[in-house]
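Encoded as structure tokens, the structure appears first; notes follow it.
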Amino acid sequence: MAAFKVLLLPGDGIGPEVMAQARNVIAWLEKAGVAKFELDEDLVGGGAYEAHGKAISEAAMDKALAADAVLFGAVGGPKWDKVPYDVRPEAGLLRLRKDLVLFANLRPAICYPALADASSLKRELVDGLDIVIVRELTGGVYFGEPKTITDLGNGQKRAVDTQVYDTYEIERIARVAFELARTRRNKVTSMEKRNVMKTGVLWNEVVTQVHAREYKDVELEHQLADAGGMQLVRNPKQFDVIVTDNLFGDMLSDVAAMLTGSLGMLPSASLGEVDAKTKKRRALYEPVHGSAPDIAGKGLANPIAMIGSLSMALRYSFGLSQAADMIEQAISNVLAKGLRTADIAAGAKAVGTGEMGEAIVAELDTLAARA
Ligand code: NAD
């Protein structure tokens, strides 16, 4: 049976609470004979700062670099609001993204039928929605130099951010999007602003070339990012995989998130290059939400985003798509039975983190017995 090395970094606040539920699903997968997992666990964020004086220790970084996948909970909280900037809890996540060269951020927007009424859009627009936004994560205007504020001396200041993309950065993110589309409905929509930005012109050109050279079997369309944003709320089901740069991806993935209801439902994956030696792709999986200090320690957190992130690891790092499908089906069935944590209960009776996690594991048992 295949064995996978997984590093668990539960983090702060509700991180450990939702990670405990992901652990239970991992235990179920082992028991069901799906795969074996070599689990290791370490500190990140505020907890790591307390223990080591920085947001992630070198030993934990080494484990992350050696793992087949990292499962990350959440970091941060009011207790660490005043710690020095370079050791603040979020620095742990940024270090992981940087050292693992996680250049592709995948954010699925899946709308479970039972939750379609929680969306800000009409049910018919979002019911059954299943799209993925692939955002370039390590380049573009968030990192481009120069990045300055200059005093012009006449009572004015000038702020400069620089949007930079090299061909290789666009090629590698385009490949992730095309590969992903091949496992789904085989369509990629690339979004940029080629009408006003040079980086948009190059982005469009390079995506078109990669498609023509390597992925002719996949349908490719281009949309201007502003028009694409409008289409995302007008008719989101027209999309399968959307690929876009860091800035547009940041905004469009938050818009897509609203299509599906609550933060507690949203998983994500960040993928790196395929390692030339091991042939494996570095990867980190995490819920989109933060450490939710307002509900931490109360057993109220929704564990679905965390369990959904584990499911993405099965799909994208371990080649276990069937098991991933089963987990997503179990989540869907549990929701269809009416089980809700407080964030998605809309005033109705809610269950706690543990009950939701246990219900998903019980549903996995039922699905496995039927298979
Ligand atoms: P948040 O995502 O932690 O919480 C926003 C709201 O959503 C809160 O009301 C919270 O209770 C609710 N919520 C979030 N996840 C939930 C879940 N699984 N179930 C039920 N409700 C949930 O964002 P915030 O309040 O802006 O930030 C809190 C802390 O988390 C800050 O320190 C912030 O820096 C940090 N943060 C960390 C990450 C990360 O680790 N990747 C991401 C965002 C924010």
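Naming works like this for the structure tokens: A, B, ... for the chains as they're shown, residue 1 at the start of each chain, ligands 1 onward in shown order.
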Could you list the protein, DNA and RNA residues that have any atom within 6 Å of ligand 1, counting only C-alpha atoms and all ligand atoms, and write them as a ChimeraX atom specification?
/A:74-77,263-264,289-295,301-303,343
Could the residues in this selection be written to a file with N, CA and C atoms, as a short mmCIF file (atom, residue, chain, number, x, y, z; two decimals), in the first residue's frame?
```
data_model
loop_
_atom_site.label_atom_id
_atom_site.label_comp_id
_atom_site.auth_asym_id
_atom_site.auth_seq_id
_atom_site.Cartn_x
_atom_site.Cartn_y
_atom_site.Cartn_z
N ALA A 74 -4.32 27.03 11.00
CA ALA A 74 -4.42 28.49 10.91
C ALA A 74 -3.49 29.08 11.95
N VAL A 75 -3.07 30.33 11.73
CA VAL A 75 -2.17 30.97 12.68
C VAL A 75 -2.68 32.36 13.07
N GLY A 76 -2.19 32.84 14.21
CA GLY A 76 -2.47 34.21 14.62
C GLY A 76 -3.45 34.28 15.77
N GLY A 77 -3.56 35.50 16.29
CA GLY A 77 -4.47 35.75 17.40
C GLY A 77 -4.05 37.02 18.12
N LEU A 263 -16.88 30.99 5.18
CA LEU A 263 -15.43 30.80 5.25
C LEU A 263 -15.07 29.41 5.76
N GLY A 264 -15.88 28.88 6.66
CA GLY A 264 -15.61 27.58 7.27
C GLY A 264 -15.73 26.41 6.30
N HIS A 289 -9.85 30.04 5.92
CA HIS A 289 -10.11 30.86 7.10
C HIS A 289 -8.89 31.00 8.01
N GLY A 290 -8.98 31.95 8.95
CA GLY A 290 -7.91 32.17 9.92
C GLY A 290 -8.17 31.41 11.21
N SER A 291 -7.56 31.90 12.29
CA SER A 291 -7.60 31.16 13.56
C SER A 291 -8.86 31.45 14.38
N ALA A 292 -9.72 32.32 13.88
CA ALA A 292 -11.03 32.62 14.49
C ALA A 292 -10.96 32.72 16.02
N PRO A 293 -10.20 33.70 16.54
CA PRO A 293 -10.06 33.80 18.02
C PRO A 293 -11.40 33.96 18.72
N ASP A 294 -12.40 34.51 18.02
CA ASP A 294 -13.71 34.73 18.67
C ASP A 294 -14.42 33.43 19.04
N ILE A 295 -14.09 32.33 18.37
CA ILE A 295 -14.77 31.07 18.71
C ILE A 295 -13.77 29.99 19.15
N ALA A 301 -16.06 25.52 15.81
CA ALA A 301 -15.54 25.74 14.46
C ALA A 301 -16.04 24.68 13.48
N ASN A 302 -16.28 25.11 12.27
CA ASN A 302 -16.66 24.21 11.20
C ASN A 302 -15.40 23.51 10.67
N PRO A 303 -15.32 22.19 10.72
CA PRO A 303 -14.11 21.50 10.28
C PRO A 303 -14.10 21.18 8.78
N ASP A 343 -21.76 28.50 11.94
CA ASP A 343 -21.50 29.46 10.86
C ASP A 343 -22.40 29.24 9.65
#
```
Contacts of Ile242 of chain A at 8 Å or less, counting only C-alpha atoms, minus same-chain residues fewer than 2 places along, as a ChimeraX atom specification?
/A:131-134,177,188-191,239-240,244
Which residues come within 9 Å of segment 235-237 of chain A, counting only C-alpha atoms, excluding same-chain residues fewer than 5 positions away, as a PyMOL selection string?
chain A and resi 125-126+128-131+230+256+259
Put those residues in a file: C-alpha atoms, as a PDB file, in the first residue's frame.
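The resulting file, part_34.pdb, is shown below:
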```pdb
ATOM      1  CA  LEU A 125     -26.847  30.249 -10.358  1.00  0.00           C
ATOM      2  CA  VAL A 126     -24.779  28.427  -7.722  1.00  0.00           C
ATOM      3  CA  GLY A 128     -23.909  22.414  -7.945  1.00  0.00           C
ATOM      4  CA  LEU A 129     -21.207  24.992  -8.766  1.00  0.00           C
ATOM      5  CA  ASP A 130     -17.725  23.458  -8.994  1.00  0.00           C
ATOM      6  CA  ILE A 131     -14.949  25.730 -10.252  1.00  0.00           C
ATOM      7  CA  MET A 230     -18.504  40.323 -13.762  1.00  0.00           C
ATOM      8  CA  ALA A 256     -15.764  33.185  -5.803  1.00  0.00           C
ATOM      9  CA  LEU A 259     -20.623  32.230  -4.059  1.00  0.00           C
TER      10      LEU A 259
END
```
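If only C-alpha atoms are the atoms counted, then among A:Glu41, A:Asp127, A:Asp217, A:Glu205 the closest residue to Arg185 of chain A is A:Asp217.
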How would you write, as number ranges by chain, the set of residues in segment 63-262 of chain A that DSSP gives as helix (DSSP H, G or I)?
A: 63-66, 78-80, 85-87, 89-99, 113-118, 123-126, 140-142, 167-182, 198-214, 225-234, 236-238, 246-259
Could those selected residues go to a file with C-alpha atoms, as a short mmCIF file (atom, residue, chain, number, x, y, z; two decimals), in the first residue's frame?
```cif
data_model
loop_
_atom_site.label_atom_id
_atom_site.label_comp_id
_atom_site.auth_asym_id
_atom_site.auth_seq_id
_atom_site.Cartn_x
_atom_site.Cartn_y
_atom_site.Cartn_z
CA LYS A 63 10.21 18.43 8.00
CA ALA A 64 8.05 20.51 5.63
CA LEU A 65 10.70 20.27 2.91
CA ALA A 66 10.89 16.50 3.33
CA PRO A 78 -4.67 38.90 19.55
CA LYS A 79 -2.00 37.53 21.92
CA TRP A 80 0.64 38.01 19.21
CA TYR A 85 6.92 42.00 12.43
CA ASP A 86 9.39 39.40 11.16
CA VAL A 87 8.40 36.82 13.80
CA PRO A 89 2.52 34.30 13.33
CA GLU A 90 1.81 34.88 9.61
CA ALA A 91 5.58 34.92 8.95
CA GLY A 92 5.51 31.13 9.43
CA LEU A 93 3.09 30.67 6.54
CA LEU A 94 5.00 33.12 4.33
CA ARG A 95 8.28 31.30 5.05
CA LEU A 96 6.67 27.99 4.08
CA ARG A 97 5.30 29.47 0.83
CA LYS A 98 8.68 30.98 -0.01
CA ASP A 99 10.98 28.07 0.87
CA PRO A 113 -26.75 21.80 -3.01
CA ALA A 114 -27.81 21.84 0.66
CA LEU A 115 -26.11 25.22 1.13
CA ALA A 116 -27.13 26.92 -2.11
CA ASP A 117 -29.51 29.22 -0.24
CA ALA A 118 -26.62 30.51 1.92
CA ARG A 123 -29.89 29.23 -5.94
CA GLU A 124 -30.09 28.36 -9.66
CA LEU A 125 -26.85 30.25 -10.36
CA VAL A 126 -24.78 28.43 -7.72
CA GLY A 140 3.44 40.02 -9.79
CA VAL A 141 2.77 43.33 -8.13
CA TYR A 142 2.95 42.04 -4.54
CA THR A 167 7.86 33.95 -19.21
CA TYR A 168 8.77 30.99 -16.98
CA GLU A 169 6.43 32.16 -14.22
CA ILE A 170 3.49 32.33 -16.60
CA GLU A 171 4.39 29.01 -18.25
CA ARG A 172 4.50 27.07 -14.98
CA ILE A 173 1.19 28.45 -13.65
CA ALA A 174 -0.46 27.85 -17.04
CA ARG A 175 0.69 24.22 -16.94
CA VAL A 176 -0.83 23.74 -13.48
CA ALA A 177 -4.15 25.10 -14.81
CA PHE A 178 -4.14 22.93 -17.95
CA GLU A 179 -3.17 19.78 -16.04
CA LEU A 180 -5.94 20.46 -13.55
CA ALA A 181 -8.50 21.05 -16.30
CA ARG A 182 -7.64 17.67 -17.80
CA LYS A 198 2.16 44.92 -20.65
CA THR A 199 2.16 42.02 -18.20
CA GLY A 200 -1.33 41.25 -19.51
CA VAL A 201 -0.03 41.16 -23.09
CA LEU A 202 2.78 38.76 -22.14
CA TRP A 203 0.47 36.65 -19.93
CA ASN A 204 -2.00 36.23 -22.82
CA GLU A 205 0.78 35.42 -25.30
CA VAL A 206 2.52 32.85 -23.09
CA VAL A 207 -0.69 31.06 -22.02
CA THR A 208 -1.69 30.86 -25.70
CA GLN A 209 1.71 29.39 -26.63
CA VAL A 210 1.75 26.82 -23.82
CA HIS A 211 -1.73 25.76 -24.89
CA ALA A 212 -0.77 25.42 -28.56
CA ARG A 213 2.42 23.51 -27.75
CA GLU A 214 1.32 21.18 -24.97
CA ALA A 225 -10.06 40.27 -15.65
CA ASP A 226 -12.70 42.95 -15.04
CA ALA A 227 -15.17 41.32 -17.42
CA GLY A 228 -14.26 37.95 -15.90
CA GLY A 229 -15.13 39.26 -12.43
CA MET A 230 -18.50 40.32 -13.76
CA GLN A 231 -19.07 36.91 -15.39
CA LEU A 232 -18.11 35.21 -12.13
CA VAL A 233 -21.17 36.67 -10.42
CA ARG A 234 -23.43 36.69 -13.51
CA PRO A 236 -20.30 31.29 -12.53
CA LYS A 237 -21.11 27.82 -13.88
CA GLN A 238 -19.66 28.77 -17.31
CA ASN A 246 -1.45 37.24 -8.07
CA LEU A 247 -3.43 40.49 -7.76
CA PHE A 248 -6.47 39.53 -9.86
CA GLY A 249 -6.43 36.07 -8.32
CA ASP A 250 -6.51 37.53 -4.82
CA MET A 251 -9.68 39.45 -5.64
CA LEU A 252 -11.40 36.93 -7.89
CA SER A 253 -10.91 34.05 -5.45
CA ASP A 254 -12.53 36.09 -2.66
CA VAL A 255 -15.45 36.88 -4.96
CA ALA A 256 -15.76 33.19 -5.80
CA ALA A 257 -15.66 32.37 -2.08
CA MET A 258 -18.82 34.38 -1.50
CA LEU A 259 -20.62 32.23 -4.06
#
```
Each segment 226-343 of chain A residue no farther than 12 Å from segment 11-33 of chain A, nearest pair in Å, only C-alpha atoms, as a Markdown table:
```
| residue | atom | partner | partner_atom | distance |
| --- | --- | --- | --- | --- |
| A:Gly264 | CA | A:Val18 | CA | 9.9 |
| A:Met265 | CA | A:Val18 | CA | 11.6 |
| A:Tyr285 | CA | A:Met19 | CA | 11.5 |
| A:Glu286 | CA | A:Gly15 | CA | 9.8 |
| A:Pro287 | CA | A:Gly15 | CA | 9.2 |
| A:Val288 | CA | A:Gly15 | CA | 11.4 |
| A:His289 | CA | A:Gly15 | CA | 9.5 |
| A:Gly290 | CA | A:Gly15 | CA | 8.0 |
| A:Ser291 | CA | A:Gly13 | CA | 4.6 |
| A:Ala292 | CA | A:Ile14 | CA | 6.2 |
| A:Pro293 | CA | A:Gly13 | CA | 5.5 |
| A:Asp294 | CA | A:Gly13 | CA | 8.8 |
| A:Ile295 | CA | A:Ile14 | CA | 7.4 |
| A:Ala296 | CA | A:Ile14 | CA | 4.8 |
| A:Gly297 | CA | A:Ile14 | CA | 6.8 |
| A:Lys298 | CA | A:Ile14 | CA | 8.7 |
| A:Gly299 | CA | A:Glu17 | CA | 7.1 |
| A:Leu300 | CA | A:Ile14 | CA | 8.8 |
| A:Ala301 | CA | A:Ile14 | CA | 6.5 |
| A:Asn302 | CA | A:Val18 | CA | 7.2 |
| A:Pro303 | CA | A:Val18 | CA | 4.7 |
| A:Ile304 | CA | A:Val18 | CA | 8.1 |
| A:Ala305 | CA | A:Val18 | CA | 8.5 |
| A:Met306 | CA | A:Val18 | CA | 6.1 |
| A:Ile307 | CA | A:Ala22 | CA | 5.1 |
| A:Gly308 | CA | A:Ala22 | CA | 8.7 |
| A:Ser309 | CA | A:Ala22 | CA | 8.7 |
| A:Leu310 | CA | A:Ala22 | CA | 6.7 |
| A:Ser311 | CA | A:Ala22 | CA | 9.3 |
| A:Met312 | CA | A:Ala22 | CA | 12.0 |
| A:Ala313 | CA | A:Ile26 | CA | 11.2 |
| A:Leu314 | CA | A:Ile26 | CA | 10.2 |
| A:Leu320 | CA | A:Leu29 | CA | 10.7 |
| A:Gln322 | CA | A:Leu29 | CA | 11.6 |
| A:Ala323 | CA | A:Leu29 | CA | 8.1 |
| A:Ala324 | CA | A:Leu29 | CA | 10.3 |
| A:Met326 | CA | A:Leu29 | CA | 10.6 |
| A:Ile327 | CA | A:Val25 | CA | 8.6 |
| A:Glu328 | CA | A:Val25 | CA | 11.8 |
| A:Ala330 | CA | A:Val25 | CA | 11.0 |
| A:Ile331 | CA | A:Val25 | CA | 11.6 |
```
In segment 139-174 of chain A, DSSP strand (DSSP E or B) residues written as a short mmCIF file (atom, residue, chain, number, x, y, z; two decimals) with N, CA and C atoms, in the first residue's frame:
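Printed below is states-v2.cif as written:
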```cif
data_model
loop_
_atom_site.label_atom_id
_atom_site.label_comp_id
_atom_site.auth_asym_id
_atom_site.auth_seq_id
_atom_site.Cartn_x
_atom_site.Cartn_y
_atom_site.Cartn_z
N THR A 148 8.16 51.30 -3.55
CA THR A 148 8.64 52.42 -2.72
C THR A 148 7.56 53.47 -2.48
N ILE A 149 7.78 54.25 -1.43
CA ILE A 149 7.06 55.52 -1.29
C ILE A 149 8.14 56.59 -1.18
N THR A 150 8.15 57.54 -2.10
CA THR A 150 9.18 58.57 -2.13
C THR A 150 8.56 59.92 -1.78
N ASP A 151 9.26 60.68 -0.94
CA ASP A 151 8.81 62.04 -0.64
C ASP A 151 9.27 62.94 -1.78
N LYS A 157 3.83 62.85 -2.01
CA LYS A 157 4.61 61.62 -2.00
C LYS A 157 4.24 60.82 -3.24
N ARG A 158 5.12 59.93 -3.64
CA ARG A 158 4.81 59.04 -4.77
C ARG A 158 4.99 57.60 -4.34
N ALA A 159 3.94 56.79 -4.53
CA ALA A 159 4.01 55.37 -4.21
C ALA A 159 4.14 54.57 -5.50
N VAL A 160 5.04 53.61 -5.49
CA VAL A 160 5.24 52.79 -6.68
C VAL A 160 5.18 51.32 -6.31
#
```
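Reported to one decimal place, the separation of atom CA of Pro108 of chain A from atom CA of Lys216 of chain A is 23.8 Å.
Summary of the local environment: counting only C-alpha atoms, residues at most 12 Å from Lys280 of chain A, other than itself and those fewer than 3 positions away along its chain, are Phe4, Lys5, Leu65, Ala66, Ala67, Asp68, Ala69, Leu271, Gly272, Glu273, Val274, Asp275, Ala276, Lys277, Ala283, Tyr316, Ser317, Phe318 and Gly319 of chain A.
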Separation of atom CA of Val70 of chain A from atom CA of Tyr49 of chain A in Å:
19.3 Å
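Separating atom CA of Arg184 of chain A from atom CA of Leu284 of chain A is a distance of 20.9 Å.
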For Met1 of chain A: contacts at 8 Å, only C-alpha atoms, fewer than 2 positions along chain excluded, given as an NGL selection string
:A and (3 or 33-36)
Kindly export the residues of the current selection with N, CA and C atoms, as a PDB file, in the first residue's frame.
```
ATOM      1  N   ALA A   3       2.506   4.736   0.896  1.00  0.00           N
ATOM      2  CA  ALA A   3       2.652   5.434   2.177  1.00  0.00           C
ATOM      3  C   ALA A   3       3.073   6.871   1.901  1.00  0.00           C
ATOM      4  N   GLY A  33      -7.943   1.008   4.488  1.00  0.00           N
ATOM      5  CA  GLY A  33      -6.955   0.445   3.563  1.00  0.00           C
ATOM      6  C   GLY A  33      -6.725   1.287   2.315  1.00  0.00           C
ATOM      7  N   VAL A  34      -7.064   2.581   2.382  1.00  0.00           N
ATOM      8  CA  VAL A  34      -6.875   3.454   1.213  1.00  0.00           C
ATOM      9  C   VAL A  34      -5.387   3.752   1.003  1.00  0.00           C
ATOM     10  N   ALA A  35      -4.692   4.055   2.094  1.00  0.00           N
ATOM     11  CA  ALA A  35      -3.252   4.343   2.031  1.00  0.00           C
ATOM     12  C   ALA A  35      -2.714   4.376   3.457  1.00  0.00           C
ATOM     13  N   LYS A  36      -1.369   4.411   3.550  1.00  0.00           N
ATOM     14  CA  LYS A  36      -0.762   4.586   4.879  1.00  0.00           C
ATOM     15  C   LYS A  36      -0.180   5.998   4.949  1.00  0.00           C
TER      16      LYS A  36
END
```
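Among the candidates A:Pro267, A:Gly352, A:Gly357, A:Gly46, the residue lying nearest to Asn105 of chain A is A:Pro267 (atoms considered: only C-alpha atoms).
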